[in-house]
file protein_32.cif (mmCIF, C-alpha atoms)
data_upload
loop_
_atom_site.label_atom_id
_atom_site.label_comp_id
_atom_site.auth_asym_id
_atom_site.auth_seq_id
_atom_site.Cartn_x
_atom_site.Cartn_y
_atom_site.Cartn_z
CA MET A 1 -74.29 -31.54 -15.54
CA LYS A 2 -76.59 -29.69 -17.92
CA ARG A 3 -74.05 -26.96 -18.57
CA TRP A 4 -71.81 -29.59 -20.17
CA VAL A 5 -74.54 -31.34 -22.12
CA ILE A 6 -75.85 -28.26 -23.91
CA PRO A 7 -72.50 -27.09 -25.37
CA PHE A 8 -71.73 -30.70 -26.31
CA CYS A 9 -75.01 -31.12 -28.22
CA LEU A 10 -74.66 -27.74 -29.90
CA PHE A 11 -71.17 -28.72 -30.94
CA LEU A 12 -72.35 -31.95 -32.53
CA ALA A 13 -74.97 -30.07 -34.49
CA ALA A 14 -72.83 -27.12 -35.55
CA MET A 15 -69.55 -28.32 -37.06
CA THR A 16 -67.65 -31.12 -38.81
CA VAL A 17 -64.10 -32.27 -38.23
CA GLN A 18 -62.23 -35.09 -39.91
CA ALA A 19 -58.97 -36.23 -38.39
CA LYS A 20 -57.29 -36.57 -41.78
CA GLY A 21 -58.27 -33.03 -42.77
CA ILE A 22 -56.92 -31.58 -39.54
CA ARG A 23 -53.59 -33.30 -40.02
CA GLU A 24 -53.34 -32.10 -43.62
CA GLU A 25 -54.01 -28.51 -42.56
CA ILE A 26 -51.95 -28.60 -39.39
CA GLU A 27 -50.62 -25.11 -40.07
CA PHE A 28 -54.21 -23.87 -40.17
CA THR A 29 -53.82 -21.70 -43.23
CA GLY A 30 -57.56 -21.90 -43.77
CA ASP A 31 -60.25 -20.38 -41.56
CA LYS A 32 -62.25 -23.59 -41.62
CA ALA A 33 -59.38 -25.59 -40.12
CA ARG A 34 -58.67 -22.95 -37.48
CA VAL A 35 -62.31 -22.76 -36.41
CA SER A 36 -62.64 -26.54 -36.41
CA TYR A 37 -59.57 -26.98 -34.26
CA ALA A 38 -60.74 -24.26 -31.87
CA PHE A 39 -64.07 -26.06 -31.45
CA GLY A 40 -62.23 -29.31 -30.81
CA MET A 41 -60.00 -27.69 -28.20
CA THR A 42 -62.93 -26.08 -26.42
CA VAL A 43 -65.12 -29.16 -26.27
CA GLY A 44 -62.17 -31.41 -25.49
CA GLY A 45 -61.18 -29.18 -22.60
CA ASP A 46 -64.71 -29.22 -21.21
CA LEU A 47 -64.95 -33.00 -21.50
CA GLN A 48 -61.55 -33.48 -19.89
CA GLN A 49 -62.48 -31.17 -17.00
CA ALA A 50 -65.70 -33.13 -16.51
CA GLY A 51 -63.67 -36.34 -16.25
CA MET A 52 -65.02 -37.90 -19.44
CA GLU A 53 -63.19 -40.62 -21.38
CA ILE A 54 -63.77 -40.46 -25.15
CA ASP A 55 -63.31 -42.96 -27.98
CA TYR A 56 -62.02 -40.53 -30.62
CA VAL A 57 -62.91 -42.74 -33.59
CA ALA A 58 -66.53 -43.13 -32.43
CA PHE A 59 -66.69 -39.43 -31.50
CA VAL A 60 -65.62 -38.27 -34.96
CA GLU A 61 -67.96 -40.78 -36.64
CA GLY A 62 -70.94 -39.54 -34.62
CA LEU A 63 -69.96 -35.94 -35.34
CA LYS A 64 -69.64 -36.56 -39.05
CA SER A 65 -72.96 -38.43 -39.24
CA ALA A 66 -74.81 -35.63 -37.46
CA MET A 67 -73.22 -32.86 -39.51
CA GLU A 68 -73.80 -34.56 -42.85
CA GLN A 69 -77.27 -35.79 -41.85
CA GLU A 70 -76.35 -39.41 -42.40
CA GLN A 71 -78.02 -42.42 -40.78
CA THR A 72 -76.98 -42.52 -37.12
CA LEU A 73 -76.69 -45.52 -34.81
CA MET A 74 -79.15 -43.99 -32.32
CA ASP A 75 -81.82 -41.32 -32.40
CA LYS A 76 -81.47 -37.91 -30.75
CA ASN A 77 -83.40 -38.86 -27.62
CA GLU A 78 -81.28 -41.93 -27.04
CA ALA A 79 -78.12 -39.92 -27.66
CA ARG A 80 -79.18 -37.33 -25.08
CA GLU A 81 -79.89 -40.07 -22.54
CA VAL A 82 -76.49 -41.67 -23.16
CA VAL A 83 -74.73 -38.33 -22.73
CA GLN A 84 -76.64 -37.51 -19.54
CA GLU A 85 -75.93 -40.92 -18.03
CA ALA A 86 -72.24 -40.58 -18.88
CA PHE A 87 -71.99 -37.20 -17.19
CA GLN A 88 -73.87 -38.43 -14.13
CA ALA A 89 -71.56 -41.43 -13.85
CA SER A 90 -68.54 -39.13 -14.16
CA VAL A 91 -69.87 -36.87 -11.40
CA ARG A 92 -70.46 -39.86 -9.11
CA LYS A 93 -66.97 -41.18 -9.77
CA ARG A 94 -65.36 -37.81 -9.12
CA SER A 95 -67.42 -37.27 -5.95
CA GLU A 96 -66.40 -40.65 -4.56
CA ALA A 97 -62.73 -39.91 -5.26
CA LEU A 98 -62.99 -36.55 -3.48
CA ARG A 99 -64.78 -38.14 -0.51
CA LEU A 100 -62.04 -40.75 -0.08
CA GLN A 101 -59.39 -38.07 -0.49
CA GLU A 102 -60.96 -36.04 2.32
CA GLU A 103 -61.18 -39.08 4.61
CA LEU A 104 -57.50 -39.78 4.08
CA PHE A 105 -56.52 -36.18 4.79
CA LEU A 106 -58.54 -36.00 8.01
CA ALA A 107 -57.14 -39.32 9.25
CA GLU A 108 -53.56 -38.26 8.60
CA ASN A 109 -54.12 -34.79 10.03
CA ALA A 110 -55.68 -36.14 13.23
CA ALA A 111 -52.48 -38.10 13.86
CA ARG A 112 -50.28 -34.99 13.76
CA SER A 113 -48.80 -33.72 17.01
CA GLY A 114 -50.80 -30.84 18.47
CA VAL A 115 -54.01 -31.54 16.56
CA ARG A 116 -57.09 -32.18 18.70
CA ALA A 117 -60.53 -33.38 17.68
CA THR A 118 -64.03 -32.90 19.06
CA GLU A 119 -66.82 -35.49 19.09
CA SER A 120 -68.29 -33.91 15.96
CA GLY A 121 -65.08 -34.53 14.02
CA LEU A 122 -63.87 -30.92 14.04
CA GLN A 123 -60.07 -30.79 14.29
CA TYR A 124 -58.09 -27.85 15.66
CA GLU A 125 -54.68 -26.60 16.74
CA VAL A 126 -54.06 -23.99 19.43
CA LEU A 127 -51.54 -21.58 17.91
CA GLU A 128 -51.75 -18.94 20.65
CA ALA A 129 -53.53 -19.56 23.95
CA SER A 130 -55.34 -16.92 26.00
CA GLU A 131 -57.25 -16.58 29.27
CA GLY A 132 -60.01 -14.41 27.81
CA VAL A 133 -63.70 -15.27 27.88
CA LYS A 134 -65.28 -17.67 25.40
CA PRO A 135 -68.11 -16.60 23.11
CA ALA A 136 -71.55 -18.20 23.09
CA LEU A 137 -73.53 -19.28 20.03
CA THR A 138 -75.65 -16.13 20.28
CA ASP A 139 -72.63 -13.81 20.24
CA VAL A 140 -71.17 -11.73 17.44
CA VAL A 141 -67.40 -12.04 17.38
CA LEU A 142 -64.66 -9.82 15.96
CA VAL A 143 -62.09 -11.93 14.14
CA HIS A 144 -59.19 -11.87 11.73
CA TYR A 145 -59.00 -15.02 9.65
CA GLU A 146 -57.74 -16.81 6.57
CA GLY A 147 -59.57 -19.69 4.90
CA ARG A 148 -57.84 -22.09 2.56
CA LEU A 149 -58.23 -25.52 0.99
CA VAL A 150 -55.98 -28.48 1.76
CA ASP A 151 -53.95 -27.72 -1.37
CA GLY A 152 -53.11 -24.27 0.02
CA THR A 153 -55.54 -22.27 -2.13
CA VAL A 154 -56.75 -19.22 -0.15
CA PHE A 155 -60.45 -18.59 -0.80
CA ASP A 156 -61.14 -15.92 1.83
CA SER A 157 -59.03 -13.66 4.03
CA SER A 158 -59.82 -10.70 6.24
CA TYR A 159 -56.06 -10.11 6.41
CA ASP A 160 -56.01 -9.43 2.68
CA ARG A 161 -58.89 -6.97 3.05
CA GLY A 162 -57.06 -5.22 5.87
CA ASN A 163 -59.98 -5.27 8.30
CA PRO A 164 -61.26 -7.76 10.89
CA GLU A 165 -64.81 -9.04 10.48
CA GLN A 166 -67.81 -9.07 12.80
CA ILE A 167 -69.44 -12.49 12.51
CA PRO A 168 -72.62 -13.82 14.22
CA LEU A 169 -71.86 -17.37 15.35
CA ASN A 170 -75.43 -18.54 14.77
CA MET A 171 -75.28 -17.55 11.09
CA VAL A 172 -72.18 -19.39 9.86
CA ILE A 173 -71.28 -22.97 8.95
CA PRO A 174 -71.38 -25.45 11.87
CA GLY A 175 -67.59 -25.83 11.92
CA TRP A 176 -67.16 -22.11 12.57
CA SER A 177 -69.89 -22.03 15.23
CA GLU A 178 -68.36 -24.90 17.16
CA GLY A 179 -64.75 -23.89 16.65
CA LEU A 180 -65.12 -20.30 17.78
CA GLN A 181 -66.87 -21.39 20.97
CA LEU A 182 -63.74 -23.36 21.87
CA MET A 183 -61.61 -20.21 21.70
CA ASN A 184 -60.86 -17.59 24.33
CA VAL A 185 -60.74 -13.93 23.34
CA GLY A 186 -57.14 -13.17 22.43
CA SER A 187 -56.35 -16.69 21.24
CA LYS A 188 -55.43 -17.91 17.77
CA TYR A 189 -56.53 -21.30 16.46
CA ARG A 190 -56.33 -23.28 13.27
CA LEU A 191 -59.55 -25.14 12.50
CA PHE A 192 -59.79 -28.12 10.16
CA ILE A 193 -63.48 -28.25 9.26
CA PRO A 194 -64.74 -31.44 7.57
CA SER A 195 -67.01 -30.91 4.58
CA ARG A 196 -70.02 -32.27 6.48
CA MET A 197 -69.62 -29.27 8.82
CA ALA A 198 -69.14 -26.88 5.92
CA TYR A 199 -70.43 -27.16 2.34
CA GLY A 200 -70.71 -30.93 2.00
CA GLU A 201 -70.97 -32.88 -1.22
CA ARG A 202 -72.01 -29.83 -3.25
CA GLY A 203 -69.18 -27.44 -2.43
CA ALA A 204 -69.68 -23.69 -2.78
CA GLY A 205 -69.32 -21.58 -5.90
CA GLN A 206 -66.20 -21.74 -8.03
CA PHE A 207 -63.70 -21.88 -5.20
CA ILE A 208 -64.79 -24.68 -2.85
CA PRO A 209 -65.13 -28.11 -4.52
CA PRO A 210 -67.33 -30.89 -3.16
CA TYR A 211 -66.02 -32.74 -0.10
CA SER A 212 -63.61 -29.95 0.80
CA THR A 213 -62.08 -29.80 4.25
CA LEU A 214 -61.71 -26.10 5.04
CA ILE A 215 -58.68 -24.87 6.97
CA PHE A 216 -59.21 -21.62 8.87
CA THR A 217 -56.57 -19.74 10.81
CA ILE A 218 -58.53 -17.50 13.19
CA GLU A 219 -57.67 -14.81 15.71
CA LEU A 220 -60.50 -14.10 18.13
CA LEU A 221 -60.09 -10.39 18.78
CA GLY A 222 -63.21 -9.82 20.83
CA ILE A 223 -66.92 -10.24 21.41
CA VAL A 224 -69.05 -7.46 20.00
CA GLU A 225 -71.30 -6.01 22.69
CA ASP A 226 -75.00 -5.65 21.97
CA GLU A 227 -75.95 -1.97 21.68
CA ASP A 228 -79.28 -2.65 23.42
CA ASP A 229 -77.41 -4.13 26.38
CA ASP A 230 -75.20 -1.03 26.54
CA GLU A 231 -78.24 1.22 26.65
CA GLU A 232 -79.80 -0.84 29.46
CA ASP A 233 -76.53 -0.62 31.44
CA ASP A 234 -76.51 3.16 31.04
CA ASP A 235 -80.04 3.36 32.41
#

call {"tool": "encode", "arguments": {"input": "protein_32.cif", "output": "structure tokens"}}
result
Amino acid sequence: MKRWVIPFCLFLAAMTVQAKGIREEIEFTGDKARVSYAFGMTVGGDLQQAGMEIDYVAFVEGLKSAMEQEQTLMDKNEAREVVQEAFQASVRKRSEALRLQEELFLAENAARSGVRATESGLQYEVLEASEGVKPALTDVVLVHYEGRLVDGTVFDSSYDRGNPEQIPLNMVIPGWSEGLQLMNVGSKYRLFIPSRMAYGERGAGQFIPPYSTLIFTIELLGIVEDEDDDEEDDD
């Protein structure tokens, strides 16, 4: 939230825009109009991305009053509180929408033919079955995989890197740990991991939003043998 508030406050303190002036200089022949419009675009884009709804008349009036040091309807502290509360309310609204969207997806997906679910809520499809052994939580597995969001966005792929990965099952998200223990070596599954078994209400970085169900297509190529165990066997 703070990363939106700071640019917003700096913007209010740094420039002045009047709607009439912008319309009169719509071709932006002057540097002042070009810079003003660029500021408006930038802040408007940030506010739109944050899910904010703006009263443009009140926005311009507050901007003008601050820039020209006129009497304002609230002091700076109150203004900061209002802005912070608005952003927090927007975040809560967006989070609730994403949570409901995930619930709907999981309910519809669970009803598809071939999709199974565990008691934890993990959903999976068996794409290629195998009779190989199953890994334990303490194992390191060798896998090829692709991870994507429900909208099809791929956020990670060992296929794209051209090399399978060695992954300790006790050091990954719960959905991976549980899902891989269902698989036999040589099999290929598709896991549908609810956000509560992945990155939850916070998401992860730029690529995984809050309340994201993660879809992993995984080939279990093998279980990596412990070098210490190999040495003991040789003795």

call {"tool": "residues_near_point", "arguments": {"input": "protein_32.cif", "point": "(-63.9, -30.7, -16.3)", "cutoff": "12 Å", "atoms": "all atoms listed in the file", "output": "VMD selection string"}}
result
chain A and resid 1 3 to 4 42 to 53 87 90 to 91 94

call {"tool": "closest_residue", "arguments": {"input": "protein_32.cif", "among": "A:Ile223, A:Leu122, A:Ala117, A:Leu169", "to": "Leu137 (chain A)", "atoms": "all atoms listed in the file"}}
result
A:Leu169

call {"tool": "residues_around", "arguments": {"input": "protein_32.cif", "residues": "Asp160 (chain A)", "least_positions_apart": "3", "cutoff": "10 Å", "atoms": "all atoms listed in the file", "output": "MDAnalysis selection string"}}
result
chainID A and resid 144:146 156:157 163:164

call {"tool": "write_last_selection", "arguments": {"input": "protein_32.cif", "atoms": "C-alpha atoms", "output": "JSON list (two decimals), keeping the file's coordinate frame"}}
result
[["chain", "number", "residue", "atom", "x", "y", "z"],
["A", 144, "HIS", "CA", -59.19, -11.87, 11.73],
["A", 145, "TYR", "CA", -59.00, -15.02, 9.65],
["A", 146, "GLU", "CA", -57.74, -16.81, 6.57],
["A", 156, "ASP", "CA", -61.14, -15.92, 1.83],
["A", 157, "SER", "CA", -59.03, -13.66, 4.03],
["A", 163, "ASN", "CA", -59.98, -5.27, 8.30],
["A", 164, "PRO", "CA", -61.26, -7.76, 10.89]]

call {"tool": "atom_distance", "arguments": {"input": "protein_32.cif", "atom1": "CA of Glu102 (chain A)", "atom2": "CA of Pro210 (chain A)"}}
result
9.9 Å

call {"tool": "atom_distance", "arguments": {"input": "protein_32.cif", "atom1": "CA of Ala107 (chain A)", "atom2": "CA of Glu219 (chain A)"}}
result
25.4 Å

call {"tool": "closest_residue", "arguments": {"input": "protein_32.cif", "among": "A:Thr138, A:Gln123, A:Gln84, A:Ser187", "to": "Leu221 (chain A)", "atoms": "only C-alpha atoms"}}
result
A:Ser187

call {"tool": "atom_distance", "arguments": {"input": "protein_32.cif", "atom1": "CA of Val133 (chain A)", "atom2": "CA of Val224 (chain A)"}}
result
12.3 Å

call {"tool": "residues_around", "arguments": {"input": "protein_32.cif", "residues": "Leu104 (chain A)", "least_positions_apart": "6", "cutoff": "12 Å", "atoms": "only C-alpha atoms", "output": "tab-separated table (two decimals) with C-alpha atoms, in the frame of the given file"}}
result
chain	number	residue	atom	x	y	z
A	97	ALA	CA	-62.73	-39.91	-5.26
A	98	LEU	CA	-62.99	-36.55	-3.48
A	110	ALA	CA	-55.68	-36.14	13.23
A	111	ALA	CA	-52.48	-38.10	13.86
A	150	VAL	CA	-55.98	-28.48	1.76
A	194	PRO	CA	-64.74	-31.44	7.57
A	211	TYR	CA	-66.02	-32.74	-0.10
A	213	THR	CA	-62.08	-29.80	4.25

call {"tool": "closest_residue", "arguments": {"input": "protein_32.cif", "among": "A:Asp139, A:Asp151, A:Glu125, A:Glu68", "to": "Met171 (chain A)", "atoms": "only C-alpha atoms"}}
result
A:Asp139

call {"tool": "axis_aligned_box", "arguments": {"input": "protein_32.cif", "around": "region 103-117 of chain A", "padding_each_side": "6 Å", "output": "lines of an AutoDock Vina configuration file"}}
result
center_x = -55.0
center_y = -35.3
center_z = 11.4
size_x = 24.4
size_y = 20.9
size_z = 26.6

call {"tool": "closest_residue", "arguments": {"input": "protein_32.cif", "among": "A:Tyr159, A:Phe59, A:Phe105, A:Phe39", "to": "Ser212 (chain A)", "atoms": "all atoms listed in the file"}}
result
A:Phe105

call {"tool": "closest_residue", "arguments": {"input": "protein_32.cif", "among": "A:Gln101, A:Asn77, A:Gln88, A:Ser120", "to": "Arg196 (chain A)", "atoms": "all atoms listed in the file"}}
result
A:Ser120

call {"tool": "closest_residue", "arguments": {"input": "protein_32.cif", "among": "A:Glu225, A:Val185, A:Gly114, A:Pro174", "to": "Leu127 (chain A)", "atoms": "all atoms listed in the file"}}
result
A:Gly114

call {"tool": "resolve_selection", "arguments": {"input": "protein_32.cif", "expression": "the PyMOL selection byres ((chain A and resi 141) around 6)", "output": "list of chain:residue names"}}
result
A:Val140, A:Leu142, A:Gln166, A:Ile167, A:Gly222, A:Ile223, A:Val224

call {"tool": "resolve_selection", "arguments": {"input": "protein_32.cif", "expression": "the PyMOL selection byres ((chain A and resi 175) around 9)", "output": "list of chain:residue names"}}
result
A:Leu122, A:Val172, A:Ile173, A:Pro174, A:Trp176, A:Ser177, A:Glu178, A:Gly179, A:Leu180, A:Leu191, A:Phe192, A:Ile193, A:Pro194, A:Ser195, A:Arg196, A:Met197, A:Ala198

call {"tool": "residues_near_point", "arguments": {"input": "protein_32.cif", "point": "(-55.3, -21.3, 16.2)", "cutoff": "6 Å", "atoms": "only C-alpha atoms", "output": "count of residues only"}}
result
8
